[in-house]
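*Asks:* Have a look at the structure that comes next, please.
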Amino acid sequence: MVKIVVVGSASMDLVVTSSKRPGAGETVLGESFKTVPGGKGANQAVAAARLGAEVTMIGCVGDDHYGEIIIRNLEENGVCTSFMKPVTHTESGTAHIVLAEGDNSIVVVKGANDLVTPSYVQQALRPIHEADMVLIQQEIPEETVEYVSQVCHTSGVPLLLNPAPARTVSPEVIARASYLTPNEHETEILFPGLTAEEALKQYPNKLFITVGKQGVRYHDGTREVTVPAYPVEAVDTTGAGDTFNAAFAVALAEGKSIAASLRFANRAASLSVMKFGAQGGMPTRQEVEESL
């Protein structure tokens, strides 16, 4: 089993399903409401564990009911939570999700995720140093992403940065990251003034731009390549990107080629959208391999 460390957010998703997305000032009737564990970090940790990795999660939750559910859910999915700290002076993070018209809209309240600071991560350096791959996202403080990139670079541990939600990333962090997985919008924020084609050519085998139903674009050092997605009937797209990133990280850590890793990740992501919930649809290793 490869060792994966996820440094990131853990939240409770509050999910409303509606046939219509409300416009500004508009009220619409919803069809259902559910609360399910989420957060980009926790999603990626659960996905990687289901795909057969030994996963440690580094993050924070509130000392509240949501925090208890989040930690219990991680443990039930086989994720080590020794470095998941309940904090008393703020609430657990929440994500407020509207599922409508075949896609999602999300408002994130970071809460305790803002307390995943560099000093907090310093308490968890041992699993980072022992990892085959570290995953990190941007629902935690910017300085923590900077710090983790330094630790991984110094230790020679590969780092996969999923730069979501979109914000600027320093050139130093981009240089230290082994792999970058933005979508098209995040690519524009990361590389202002460059077209996607120019950015891909500048970062061969490092920059992987996800393009939804079209798949993933990257440059192999010789030419640009698109690895197509697997067409499926989507029930809930929440967490598809997190499943992709986790699967990509697991496959790379296992020594698979980039092309094979992308096919594995695309297949996992496609399976994840066929069920409800960010984590509810995340596939097992057996499900992915049987469908490839």
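Chain labels follow the order of the structure tokens: the first chain is A, the next B, and so on; residue numbering restarts at 1 in every chain, and ligands are counted from 1 in their shown order.
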Kindly assemble as a Markdown table a list of the range 127-243 of chain A residues that lie within 10 Å of range 267-286 of chain A, each paired with its nearest atom pair and their distance in Å to one decimal, using only C-alpha atoms, sorted first by chain and then by ascending residue number.
*Replies:*
| residue | atom | partner | partner_atom | distance |
| --- | --- | --- | --- | --- |
| A:Lys213 | CA | A:Ser270 | CA | 9.2 |
| A:Pro228 | CA | A:Arg267 | CA | 9.8 |
| A:Ala229 | CA | A:Arg267 | CA | 7.3 |
| A:Tyr230 | CA | A:Ser270 | CA | 6.0 |
| A:Pro231 | CA | A:Ser270 | CA | 7.2 |
| A:Val232 | CA | A:Ser270 | CA | 6.5 |
| A:Glu233 | CA | A:Met274 | CA | 6.7 |
| A:Ala234 | CA | A:Val273 | CA | 5.1 |
| A:Val235 | CA | A:Met274 | CA | 5.0 |
| A:Asp236 | CA | A:Val273 | CA | 5.1 |
| A:Thr237 | CA | A:Val273 | CA | 4.9 |
| A:Thr238 | CA | A:Ala278 | CA | 4.8 |
| A:Gly239 | CA | A:Ala278 | CA | 4.1 |
| A:Ala240 | CA | A:Ala269 | CA | 5.0 |
| A:Gly241 | CA | A:Ala269 | CA | 6.8 |
| A:Asp242 | CA | A:Ala269 | CA | 8.0 |
| A:Thr243 | CA | A:Ala269 | CA | 5.3 |
*Asks:* May I have all residues of range 97-215 of chain A that DSSP, computed from the backbone, assigns to strand (DSSP E), given as an MDAnalysis selection string?
*Replies:* chainID A and resid 97:100 103:109 133:136 159:161 179:180 209:210
*Asks:* Can I get the selected residues back with N, CA, C and O atoms, as a PDB file, in the first residue's frame?
*Replies:*
ATOM      1  N   ILE A  97     -24.375  23.708  -0.654  1.00  0.00           N
ATOM      2  CA  ILE A  97     -24.362  23.247  -2.037  1.00  0.00           C
ATOM      3  C   ILE A  97     -25.779  23.213  -2.593  1.00  0.00           C
ATOM      4  O   ILE A  97     -26.693  22.673  -1.961  1.00  0.00           O
ATOM      5  N   VAL A  98     -25.939  23.782  -3.762  1.00  0.00           N
ATOM      6  CA  VAL A  98     -27.204  23.686  -4.500  1.00  0.00           C
ATOM      7  C   VAL A  98     -26.966  22.814  -5.732  1.00  0.00           C
ATOM      8  O   VAL A  98     -26.124  23.137  -6.568  1.00  0.00           O
ATOM      9  N   LEU A  99     -27.696  21.701  -5.805  1.00  0.00           N
ATOM     10  CA  LEU A  99     -27.651  20.835  -6.977  1.00  0.00           C
ATOM     11  C   LEU A  99     -28.856  21.159  -7.847  1.00  0.00           C
ATOM     12  O   LEU A  99     -30.003  20.993  -7.421  1.00  0.00           O
ATOM     13  N   ALA A 100     -28.612  21.654  -9.043  1.00  0.00           N
ATOM     14  CA  ALA A 100     -29.706  22.028  -9.947  1.00  0.00           C
ATOM     15  C   ALA A 100     -29.213  21.994 -11.383  1.00  0.00           C
ATOM     16  O   ALA A 100     -28.050  22.323 -11.658  1.00  0.00           O
ATOM     17  N   ASP A 103     -25.736  20.386 -12.401  1.00  0.00           N
ATOM     18  CA  ASP A 103     -24.440  20.854 -11.913  1.00  0.00           C
ATOM     19  C   ASP A 103     -24.616  21.382 -10.499  1.00  0.00           C
ATOM     20  O   ASP A 103     -25.717  21.368  -9.935  1.00  0.00           O
ATOM     21  N   ASN A 104     -23.510  21.874  -9.897  1.00  0.00           N
ATOM     22  CA  ASN A 104     -23.605  22.367  -8.526  1.00  0.00           C
ATOM     23  C   ASN A 104     -23.070  23.781  -8.392  1.00  0.00           C
ATOM     24  O   ASN A 104     -22.230  24.231  -9.181  1.00  0.00           O
ATOM     25  N   SER A 105     -23.596  24.495  -7.389  1.00  0.00           N
ATOM     26  CA  SER A 105     -23.075  25.797  -6.958  1.00  0.00           C
ATOM     27  C   SER A 105     -22.774  25.673  -5.473  1.00  0.00           C
ATOM     28  O   SER A 105     -23.574  25.114  -4.719  1.00  0.00           O
ATOM     29  N   ILE A 106     -21.632  26.207  -5.044  1.00  0.00           N
ATOM     30  CA  ILE A 106     -21.163  25.947  -3.680  1.00  0.00           C
ATOM     31  C   ILE A 106     -20.683  27.239  -3.017  1.00  0.00           C
ATOM     32  O   ILE A 106     -19.938  28.013  -3.614  1.00  0.00           O
ATOM     33  N   VAL A 107     -21.105  27.462  -1.756  1.00  0.00           N
ATOM     34  CA  VAL A 107     -20.566  28.517  -0.900  1.00  0.00           C
ATOM     35  C   VAL A 107     -19.887  27.829   0.277  1.00  0.00           C
ATOM     36  O   VAL A 107     -20.514  27.045   0.997  1.00  0.00           O
ATOM     37  N   VAL A 108     -18.605  28.099   0.486  1.00  0.00           N
ATOM     38  CA  VAL A 108     -17.829  27.459   1.548  1.00  0.00           C
ATOM     39  C   VAL A 108     -17.610  28.437   2.700  1.00  0.00           C
ATOM     40  O   VAL A 108     -17.209  29.584   2.480  1.00  0.00           O
ATOM     41  N   VAL A 109     -17.888  27.983   3.924  1.00  0.00           N
ATOM     42  CA  VAL A 109     -17.540  28.717   5.144  1.00  0.00           C
ATOM     43  C   VAL A 109     -16.415  27.922   5.809  1.00  0.00           C
ATOM     44  O   VAL A 109     -16.637  26.801   6.286  1.00  0.00           O
ATOM     45  N   MET A 133       3.290  10.323  -1.464  1.00  0.00           N
ATOM     46  CA  MET A 133       2.700  11.473  -2.146  1.00  0.00           C
ATOM     47  C   MET A 133       1.927  12.292  -1.116  1.00  0.00           C
ATOM     48  O   MET A 133       1.272  11.730  -0.238  1.00  0.00           O
ATOM     49  N   VAL A 134       2.014  13.623  -1.243  1.00  0.00           N
ATOM     50  CA  VAL A 134       1.211  14.535  -0.419  1.00  0.00           C
ATOM     51  C   VAL A 134       0.244  15.274  -1.324  1.00  0.00           C
ATOM     52  O   VAL A 134       0.631  15.769  -2.386  1.00  0.00           O
ATOM     53  N   LEU A 135      -1.018  15.344  -0.909  1.00  0.00           N
ATOM     54  CA  LEU A 135      -2.032  16.122  -1.610  1.00  0.00           C
ATOM     55  C   LEU A 135      -2.386  17.339  -0.776  1.00  0.00           C
ATOM     56  O   LEU A 135      -2.538  17.254   0.446  1.00  0.00           O
ATOM     57  N   ILE A 136      -2.558  18.472  -1.447  1.00  0.00           N
ATOM     58  CA  ILE A 136      -2.967  19.692  -0.756  1.00  0.00           C
ATOM     59  C   ILE A 136      -3.877  20.497  -1.682  1.00  0.00           C
ATOM     60  O   ILE A 136      -3.773  20.408  -2.909  1.00  0.00           O
ATOM     61  N   LEU A 159       4.628  16.324  -4.327  1.00  0.00           N
ATOM     62  CA  LEU A 159       3.470  17.104  -3.877  1.00  0.00           C
ATOM     63  C   LEU A 159       2.537  17.329  -5.052  1.00  0.00           C
ATOM     64  O   LEU A 159       2.938  17.839  -6.098  1.00  0.00           O
ATOM     65  N   LEU A 160       1.275  16.956  -4.862  1.00  0.00           N
ATOM     66  CA  LEU A 160       0.238  17.258  -5.837  1.00  0.00           C
ATOM     67  C   LEU A 160      -0.595  18.403  -5.291  1.00  0.00           C
ATOM     68  O   LEU A 160      -1.249  18.250  -4.261  1.00  0.00           O
ATOM     69  N   LEU A 161      -0.536  19.549  -5.965  1.00  0.00           N
ATOM     70  CA  LEU A 161      -1.322  20.716  -5.579  1.00  0.00           C
ATOM     71  C   LEU A 161      -2.551  20.804  -6.461  1.00  0.00           C
ATOM     72  O   LEU A 161      -2.449  20.990  -7.678  1.00  0.00           O
ATOM     73  N   TYR A 179       3.120  18.171  -9.203  1.00  0.00           N
ATOM     74  CA  TYR A 179       1.975  18.095 -10.115  1.00  0.00           C
ATOM     75  C   TYR A 179       0.972  19.189  -9.749  1.00  0.00           C
ATOM     76  O   TYR A 179       0.727  19.448  -8.566  1.00  0.00           O
ATOM     77  N   LEU A 180       0.396  19.810 -10.767  1.00  0.00           N
ATOM     78  CA  LEU A 180      -0.637  20.840 -10.602  1.00  0.00           C
ATOM     79  C   LEU A 180      -1.867  20.394 -11.384  1.00  0.00           C
ATOM     80  O   LEU A 180      -1.754  20.008 -12.553  1.00  0.00           O
ATOM     81  N   ILE A 209      -4.612  20.109 -16.866  1.00  0.00           N
ATOM     82  CA  ILE A 209      -5.803  20.957 -16.827  1.00  0.00           C
ATOM     83  C   ILE A 209      -7.032  20.084 -17.057  1.00  0.00           C
ATOM     84  O   ILE A 209      -7.180  19.458 -18.113  1.00  0.00           O
ATOM     85  N   THR A 210      -7.905  20.047 -16.047  1.00  0.00           N
ATOM     86  CA  THR A 210      -9.139  19.284 -16.196  1.00  0.00           C
ATOM     87  C   THR A 210     -10.150  20.121 -16.969  1.00  0.00           C
ATOM     88  O   THR A 210     -10.342  21.298 -16.685  1.00  0.00           O
TER      89      THR A 210
END
*Asks:* Report the residues of range 35-227 of chain A whose backbone DSSP state falls under helix (DSSP H, G or I), written as number ranges by chain.
*Replies:* A: 40-50, 65-76, 111-115, 118-130, 142-155, 171-176, 184-190, 196-202, 212-214
*Asks:* What lies within 8 Å of range 59-64 of chain A using only C-alpha atoms, ignoring chain neighbours under 3 positions off, as a PyMOL selection string?
*Replies:* chain A and resi 7-11+67-68+70+83-93+111-113+115-116
*Asks:* If you measure from CA of Asn43 in chain A to CA of Ala246 in chain A, what distance in Å do you get, rounded to one decimal?
*Replies:*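 Atom-to-atom, CA of Asn43 in chain A and CA of Ala246 in chain A are spaced 8.5 Å apart.
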*Asks:* Excluding same-chain residues fewer than 4 positions from Arg217 in chain A, what lies within 10 Å of it counting only C-alpha atoms, as a PyMOL selection string?
*Replies:* chain A and resi 181+183-184+196-197+200+207-211+224-228+262
*Asks:* The selected residues should be written to file as a compact mmCIF listing (two decimals), in the first residue's frame (atoms: C-alpha atoms).
*Replies:*
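Writing the result to part-v3.txt gives the following:
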# COMPACT_ATOMS: atom_id res chain seq x y z
CA THR A 181 -4.27 19.98 -11.41
CA ASN A 183 -9.48 23.42 -14.08
CA GLU A 184 -9.71 25.97 -16.89
CA ALA A 196 -3.72 27.24 -21.64
CA GLU A 197 -1.57 25.97 -24.52
CA LEU A 200 0.95 23.45 -20.69
CA LEU A 207 0.48 20.79 -15.34
CA PHE A 208 -2.76 18.87 -15.90
CA ILE A 209 -5.80 20.96 -16.83
CA THR A 210 -9.14 19.28 -16.20
CA VAL A 211 -11.73 20.21 -18.82
CA GLU A 224 -0.14 18.38 -26.12
CA VAL A 225 -2.31 15.40 -25.20
CA THR A 226 -5.96 15.15 -24.15
CA VAL A 227 -6.94 12.08 -22.15
CA PRO A 228 -10.69 11.79 -22.66
CA LEU A 262 -4.86 9.83 -15.93
*Asks:* To one decimal place in Å, what is the distance between CA of Ser155 in chain A and CA of Thr222 in chain A?
*Replies:*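 Computed distance, CA of Ser155 in chain A to CA of Thr222 in chain A, equals 29.7 Å.
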*Asks:* Name the residues in contact with Ser261 in chain A at a cut-off of 7 Å, using only C-alpha atoms, excluding same-chain residues fewer than 5 positions from it; report them as JSON, numbers by chain.
*Replies:* {"A": [248, 251, 252, 256]}
